[in-house]
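Colleague: Below is a structure I'd like to ask you about.
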Amino acid sequence: MIINVARKELKSVFASPMGWVILSLLMFAFGTQYLNAVNDYFAVMSGAMRPAERTGVTQFVGQSVYGLASFIMLFAVPLLSMRLISEERRSQTLPFLFSAPISLTEIVVGKFLGLVAFLSILVLFIGAMLSTLNIWADIDFGFLLTNSLGLLLMVAGFSALGIYFSSLTQQPVIAAILTFIALFALMMLDRFFGDDPTNILGSLSLTRHFQSFASGLIDSADIVYFILFAVTFLTLTVRRLDADRLRG
């Protein structure tokens, strides 16, 4: 049943103009950043620079594109997640969803996976685009895979938080605004508390846990953080909907 719900959500995203518009704009932005980064690489590396100071093309271009992607997702995910549950509440179809022969957990997880599947298209697009560098240079595919994994985990956490705020209100726009504010705050925690590695608030920063992936390293602690982050907000969403069902 979870797969059926996820498939339905994925189809609904592609059935709406917003889904295609967001997908097209993001692909255009990533493609433009990719071309600019390649041009910048040749401009920088062709200068009077000692070989020891030169940076590999994978790291130079990859960090530019993945860095932009992690920032743009901050705006894209709230727009995509805002309608997942709030639209059901606004259209008065939430009671029908409660009466369906499927658990609330399956509903929430299915909607979550549908959104993550859509965002995974963008992650795959970035990875495939950067892989074309291999046509004329030897690139580090491990670096690309690590960054893709980190970006996928990050957007999964974004999506879980977006679904939670979508379950709190019947106004999709309000859900999008709340999601953006929360994500922006979590991204900026590292800037305010990054100097103290023992600070609890600093350790909650999404940016801090993405940095290891951006450097081409896989840290199990960061993987666990993103998984727990997503599970926490999915659980809160289920509890919120369960409370609504009990109130009738």
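In the structure tokens, chains take letters A, B, ... by order of appearance, with residues numbered from 1 within each chain and ligands from 1 in the order shown.
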What lies within 10 Å of range 112-117 of chain A using only C-alpha atoms, ignoring chain neighbours under 3 positions off, as a PyMOL selection string?
Modeller: chain A and resi 2-13+77+80-81+84+106-109+120-123+152-153+155-163+230+234
Colleague: Would you write out those residues with C-alpha atoms, as a compact mmCIF listing (two decimals), in the first residue's frame?
Modeller:
# COMPACT_ATOMS: atom_id res chain seq x y z
CA ILE A 2 2.88 2.37 0.70
CA ILE A 3 4.11 1.93 -2.87
CA ASN A 4 0.62 2.67 -4.21
CA VAL A 5 0.40 5.88 -2.18
CA ALA A 6 3.90 6.91 -3.29
CA ARG A 7 3.05 6.21 -6.93
CA LYS A 8 -0.15 8.25 -6.62
CA GLU A 9 1.73 11.19 -5.13
CA LEU A 10 4.42 11.04 -7.79
CA LYS A 11 1.78 11.03 -10.52
CA SER A 12 -0.02 13.96 -8.91
CA VAL A 13 3.18 16.02 -8.90
CA VAL A 77 11.01 21.46 -1.12
CA LEU A 80 6.46 20.79 -3.30
CA SER A 81 5.58 19.56 0.19
CA LEU A 84 0.70 17.01 0.59
CA GLU A 106 1.44 3.99 5.41
CA ILE A 107 -0.25 7.19 4.20
CA VAL A 108 2.46 9.47 5.58
CA VAL A 109 5.37 7.28 4.48
CA SER A 120 15.60 11.97 -6.64
CA ILE A 121 15.14 12.76 -10.32
CA LEU A 122 17.02 16.00 -9.74
CA VAL A 123 19.76 14.24 -7.78
CA LEU A 152 19.50 12.80 -1.20
CA LEU A 153 19.60 12.44 2.58
CA VAL A 155 16.22 16.48 0.70
CA ALA A 156 14.68 13.50 2.51
CA GLY A 157 15.01 15.42 5.77
CA PHE A 158 13.61 18.55 4.11
CA SER A 159 10.64 16.55 2.82
CA ALA A 160 9.85 15.01 6.22
CA LEU A 161 9.84 18.45 7.83
CA GLY A 162 7.68 19.82 5.01
CA ILE A 163 5.10 17.06 5.42
CA ALA A 230 13.31 12.28 8.83
CA LEU A 234 7.33 11.57 9.99
Colleague: Please run DSSP on the backbone and report, as a PyMOL selection string, all residues within range 73-142 of chain A that come out as helix (DSSP H, G or I).
Modeller: chain A and resi 73-81+86-90+94-99+104-135+141-142
Colleague: Could you give me, as a ChimeraX atom specification, the residues within 10 Å of range 131-137 of chain A, counting only C-alpha atoms and dropping anything in the same chain fewer than 6 positions from it?
Modeller: /A:38,56-58,61-62,125,144
Colleague: Which of these residues is nearest to Tyr66 in chain A, using only C-alpha atoms: A:Leu119, A:Asp190, A:Gly19, A:Thr146?
Modeller: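 Of A:Leu119, A:Asp190, A:Gly19, A:Thr146, the one nearest Tyr66 in chain A is A:Thr146, counting only C-alpha atoms.
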Colleague: I'd like to know which of A:Asn36, A:Gln59, A:Phe180, A:Arg83 is closest to Asp138 in chain A, using only C-alpha atoms.
Modeller: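 So, comparing all the options, the nearest one is A:Gln59.
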Colleague: For CA of Ile181 in chain A and CA of Lys111 in chain A, determine how far apart the two atoms are, in Å to one decimal place.
Modeller: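 CA of Lys111 in chain A lies at a distance of 21.8 Å from CA of Ile181 in chain A.
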Colleague: Hey, what's within 12 Å of Phe184 in chain A if we count only C-alpha atoms and toss same-chain stuff fewer than 3 positions away? As a list in words, please?
Modeller: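 Near Phe184 in chain A, the qualifying residues are Ser70, Phe71, Ile72, Met73, Leu74, Phe75, Val77, Pro78, Phe158, Leu161, Ile177, Leu178, Thr179, Phe180, Ile181, Met187, Met188, Leu189, Asp190, Arg191, Ser205, Leu206 and Thr207 of chain A.
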Colleague: Just the residues within 10 Å of Gly31 in chain A, please, counting only C-alpha atoms, with nothing from its chain fewer than 4 positions along; format it as a PyMOL selection string.
Modeller: chain A and resi 25-27+35-37+65+125-126+129-130
Colleague: How many Å lie between CA of Gly150 in chain A and CA of Phe213 in chain A, rounded to one decimal?
Modeller: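 CA of Phe213 in chain A lies at a distance of 5.3 Å from CA of Gly150 in chain A.
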Colleague: What does the distance from CA of Leu241 in chain A to CA of Ala185 in chain A come to in Å, to one decimal?
Modeller: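 Those two atoms sit 25.2 Å apart.
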Colleague: A:Ser215, A:Thr169, A:Gln63, A:Thr237: which is nearest Phe30 in chain A, counting only C-alpha atoms?
Modeller: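 Answer, going by the shortest atom-to-atom distance: A:Gln63.
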Colleague: Which residue out of A:Ser220, A:Ala69, A:Ser166, A:Thr235 has the minimum interatomic distance to Gly127 in chain A when only C-alpha atoms are used?
Modeller: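 Smallest separation from Gly127 in chain A among the options: A:Ala69.
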